[in-house]
file target28.pdb (PDB, C-alpha atoms, pLDDT in the B column)
ATOM      1  CA  MET A   5      -6.065 -20.601  -1.723  1.00 43.00           C
ATOM      2  CA  THR A   6      -8.164 -22.394  -4.315  1.00 46.00           C
ATOM      3  CA  LEU A   7     -10.725 -21.223  -6.815  1.00 46.00           C
ATOM      4  CA  ALA A   8     -13.995 -23.145  -6.759  1.00 49.00           C
ATOM      5  CA  SER A   9     -16.200 -23.038  -9.811  1.00 51.00           C
ATOM      6  CA  ARG A  10     -19.346 -24.828 -10.855  1.00 54.00           C
ATOM      7  CA  PRO A  11     -19.001 -25.925 -14.481  1.00 58.00           C
ATOM      8  CA  GLY A  12     -21.045 -23.683 -16.767  1.00 53.00           C
ATOM      9  CA  HIS A  13     -21.818 -21.243 -13.980  1.00 52.00           C
ATOM     10  CA  TRP A  14     -20.664 -17.631 -13.919  1.00 49.00           C
ATOM     11  CA  GLN A  15     -20.102 -17.514 -10.163  1.00 51.00           C
ATOM     12  CA  GLN A  16     -16.769 -18.450  -8.719  1.00 50.00           C
ATOM     13  CA  MET A  17     -15.654 -18.426  -5.142  1.00 53.00           C
ATOM     14  CA  ALA A  18     -12.160 -18.057  -3.733  1.00 52.00           C
ATOM     15  CA  LEU A  19     -11.615 -20.380  -0.807  1.00 53.00           C
ATOM     16  CA  ALA A  20      -8.939 -19.723   1.790  1.00 56.00           C
ATOM     17  CA  SER A  21      -8.297 -22.266   4.485  1.00 60.00           C
ATOM     18  CA  LEU A  22      -7.599 -20.732   7.898  1.00 60.00           C
ATOM     19  CA  ASP A  23      -7.765 -22.460  11.222  1.00 65.00           C
ATOM     20  CA  ALA A  24      -9.674 -20.726  13.991  1.00 66.00           C
ATOM     21  CA  GLY A  25      -6.534 -19.802  15.942  1.00 70.00           C
ATOM     22  CA  LEU A  26      -4.883 -18.153  12.950  1.00 72.00           C
ATOM     23  CA  ALA A  27      -8.061 -16.285  12.069  1.00 73.00           C
ATOM     24  CA  LEU A  28      -8.293 -15.009  15.649  1.00 75.00           C
ATOM     25  CA  ASP A  29      -4.645 -13.915  15.591  1.00 77.00           C
ATOM     26  CA  ILE A  30      -5.204 -12.050  12.322  1.00 77.00           C
ATOM     27  CA  THR A  31      -8.158 -10.138  13.749  1.00 77.00           C
ATOM     28  CA  LEU A  32      -6.544  -9.374  17.132  1.00 81.00           C
ATOM     29  CA  MET A  33      -3.016  -8.479  15.978  1.00 84.00           C
ATOM     30  CA  PRO A  34      -3.894  -5.077  14.484  1.00 86.00           C
ATOM     31  CA  GLY A  35      -5.255  -4.005  17.876  1.00 86.00           C
ATOM     32  CA  ASP A  36      -1.932  -4.853  19.507  1.00 87.00           C
ATOM     33  CA  VAL A  37       0.006  -3.089  16.761  1.00 88.00           C
ATOM     34  CA  ARG A  38      -2.228  -0.042  17.120  1.00 88.00           C
ATOM     35  CA  ALA A  39      -1.594   0.056  20.879  1.00 88.00           C
ATOM     36  CA  VAL A  40       2.183  -0.060  20.360  1.00 88.00           C
ATOM     37  CA  LEU A  41       2.099   2.607  17.638  1.00 88.00           C
ATOM     38  CA  ASP A  42      -0.170   4.850  19.727  1.00 87.00           C
ATOM     39  CA  GLY A  43       2.225   4.487  22.648  1.00 87.00           C
ATOM     40  CA  LEU A  44       5.187   5.432  20.476  1.00 87.00           C
ATOM     41  CA  ALA A  45       3.333   8.326  18.851  1.00 85.00           C
ATOM     42  CA  SER A  46       2.278   9.713  22.251  1.00 86.00           C
ATOM     43  CA  GLY A  47       5.908  10.295  23.199  1.00 81.00           C
ATOM     44  CA  GLY A  48       5.767   8.077  26.279  1.00 81.00           C
ATOM     45  CA  ALA A  49       9.018   6.453  25.198  1.00 85.00           C
ATOM     46  CA  PRO A  50      10.918   9.242  23.416  1.00 89.00           C
ATOM     47  CA  ALA A  51      13.980   7.175  22.442  1.00 91.00           C
ATOM     48  CA  ALA A  52      11.836   4.386  20.972  1.00 90.00           C
ATOM     49  CA  ALA A  53       9.646   6.935  19.195  1.00 88.00           C
ATOM     50  CA  ARG A  54      12.687   8.590  17.639  1.00 89.00           C
ATOM     51  CA  GLN A  55      14.035   5.221  16.551  1.00 90.00           C
ATOM     52  CA  ALA A  56      10.674   4.200  15.041  1.00 89.00           C
ATOM     53  CA  ALA A  57      10.376   7.536  13.225  1.00 89.00           C
ATOM     54  CA  ALA A  58      13.935   7.116  11.913  1.00 91.00           C
ATOM     55  CA  ILE A  59      13.109   3.630  10.630  1.00 91.00           C
ATOM     56  CA  LEU A  60      10.073   5.000   8.817  1.00 89.00           C
ATOM     57  CA  GLY A  61      12.266   7.720   7.317  1.00 91.00           C
ATOM     58  CA  GLU A  62      14.912   5.238   6.188  1.00 93.00           C
ATOM     59  CA  ALA A  63      12.177   3.166   4.536  1.00 91.00           C
ATOM     60  CA  ASP A  64      11.026   6.302   2.653  1.00 91.00           C
ATOM     61  CA  SER A  65       7.606   5.840   4.231  1.00 87.00           C
ATOM     62  CA  PRO A  66       5.174   8.718   3.785  1.00 88.00           C
ATOM     63  CA  CYS A  67       3.633   7.727   7.151  1.00 86.00           C
ATOM     64  CA  THR A  68       4.160   9.213  10.560  1.00 88.00           C
ATOM     65  CA  LEU A  69       3.713   7.030  13.632  1.00 88.00           C
ATOM     66  CA  ALA A  70       0.272   8.543  14.232  1.00 88.00           C
ATOM     67  CA  GLY A  71      -0.678   8.047  10.579  1.00 88.00           C
ATOM     68  CA  LEU A  72       0.507   4.465  10.659  1.00 87.00           C
ATOM     69  CA  ALA A  73      -1.505   3.841  13.839  1.00 88.00           C
ATOM     70  CA  ALA A  74      -4.601   5.264  12.129  1.00 89.00           C
ATOM     71  CA  ALA A  75      -4.021   3.065   9.059  1.00 88.00           C
ATOM     72  CA  VAL A  76      -3.684  -0.032  11.243  1.00 88.00           C
ATOM     73  CA  SER A  77      -6.904   0.920  13.023  1.00 88.00           C
ATOM     74  CA  GLU A  78      -8.699   1.313   9.693  1.00 89.00           C
ATOM     75  CA  THR A  79      -7.362  -2.073   8.546  1.00 86.00           C
ATOM     76  CA  ARG A  80      -8.570  -3.661  11.773  1.00 87.00           C
ATOM     77  CA  GLY A  81     -12.032  -2.237  11.162  1.00 87.00           C
ATOM     78  CA  MET A  82     -12.040  -3.642   7.628  1.00 85.00           C
ATOM     79  CA  LEU A  83     -11.024  -7.086   8.918  1.00 82.00           C
ATOM     80  CA  GLN A  84     -13.743  -7.016  11.557  1.00 82.00           C
ATOM     81  CA  ARG A  85     -16.378  -5.995   8.993  1.00 84.00           C
ATOM     82  CA  ALA A  86     -15.161  -8.696   6.600  1.00 80.00           C
ATOM     83  CA  ALA A  87     -15.374 -11.314   9.340  1.00 76.00           C
ATOM     84  CA  GLY A  88     -18.856 -10.148  10.256  1.00 76.00           C
ATOM     85  CA  ASN A  89     -20.006 -10.142   6.631  1.00 79.00           C
ATOM     86  CA  ALA A  90     -18.418 -13.473   5.735  1.00 74.00           C
ATOM     87  CA  PHE A  91     -21.431 -15.443   6.827  1.00 71.00           C
ATOM     88  CA  ALA A  92     -24.147 -12.883   6.092  1.00 75.00           C
ATOM     89  CA  GLY A  93     -27.014 -14.585   4.348  1.00 72.00           C
ATOM     90  CA  VAL A  94     -25.870 -18.092   5.249  1.00 72.00           C
ATOM     91  CA  PRO A  95     -28.750 -19.894   6.910  1.00 72.00           C
ATOM     92  CA  ASP A  96     -28.292 -21.315  10.394  1.00 74.00           C
ATOM     93  CA  HIS A  97     -29.465 -24.664   9.101  1.00 75.00           C
ATOM     94  CA  ILE A  98     -28.857 -26.052   5.649  1.00 71.00           C
ATOM     95  CA  PRO A  99     -31.797 -28.180   4.513  1.00 73.00           C
ATOM     96  CA  GLY A 100     -30.962 -31.809   3.889  1.00 72.00           C
ATOM     97  CA  THR A 101     -28.014 -31.943   6.258  1.00 65.00           C
TER      98      THR A 101
END
call {"tool": "encode", "arguments": {"input": "target28.pdb", "output": "structure tokens"}}
result
Amino acid sequence: MTLASRPGHWQQMALASLDAGLALDITLMPGDVRAVLDGLASGGAPAAARQAAAILGEADSPCTLAGLAAAVSETRGMLQRAAGNAFAGVPDHIPGT
């Protein structure tokens, strides 16, 4: 990540370089994680659910599986909104290019 600044200008912009594949993975992964957590929280695989709950307990996590699934879902929504807002206000065509 780099910090771009115009000399004498108050605005600065953080630039992060991501390739399209990595960006897609970042936005899709929370959906997969949510599906796994929902499956565990539903009790469809009781042994795996118990093991996952035990791991959360050992990590002193305040989250339950259902709570963790909800948090991942909320994070996914934030990522999707951020991706959608990233280019808001950028013209389709930049004059002089």
call {"tool": "atom_distance", "arguments": {"input": "target28.pdb", "atom1": "CA of Thr79 (chain A)", "atom2": "CA of Ser46 (chain A)"}}
result
20.5 Å
call {"tool": "atom_distance", "arguments": {"input": "target28.pdb", "atom1": "CA of Leu60 (chain A)", "atom2": "CA of Leu41 (chain A)"}}
result
12.1 Å
call {"tool": "atom_distance", "arguments": {"input": "target28.pdb", "atom1": "CA of Ala73 (chain A)", "atom2": "CA of Asn89 (chain A)"}}
result
24.3 Å
call {"tool": "resolve_selection", "arguments": {"input": "target28.pdb", "expression": "the PyMOL selection byres ((chain A and resi 37-40) around 8)", "output": "ChimeraX atom specification"}}
result
/A:33-36,41-44,73-74,76-77
call {"tool": "axis_aligned_box", "arguments": {"input": "target28.pdb", "around": "region 96-100 of chain A", "padding_each_side": "3 Å", "output": "AutoDock Vina command-line options"}}
result
--center_x -30.0 --center_y -26.6 --center_z 7.1 --size_x 9.5 --size_y 16.5 --size_z 12.5
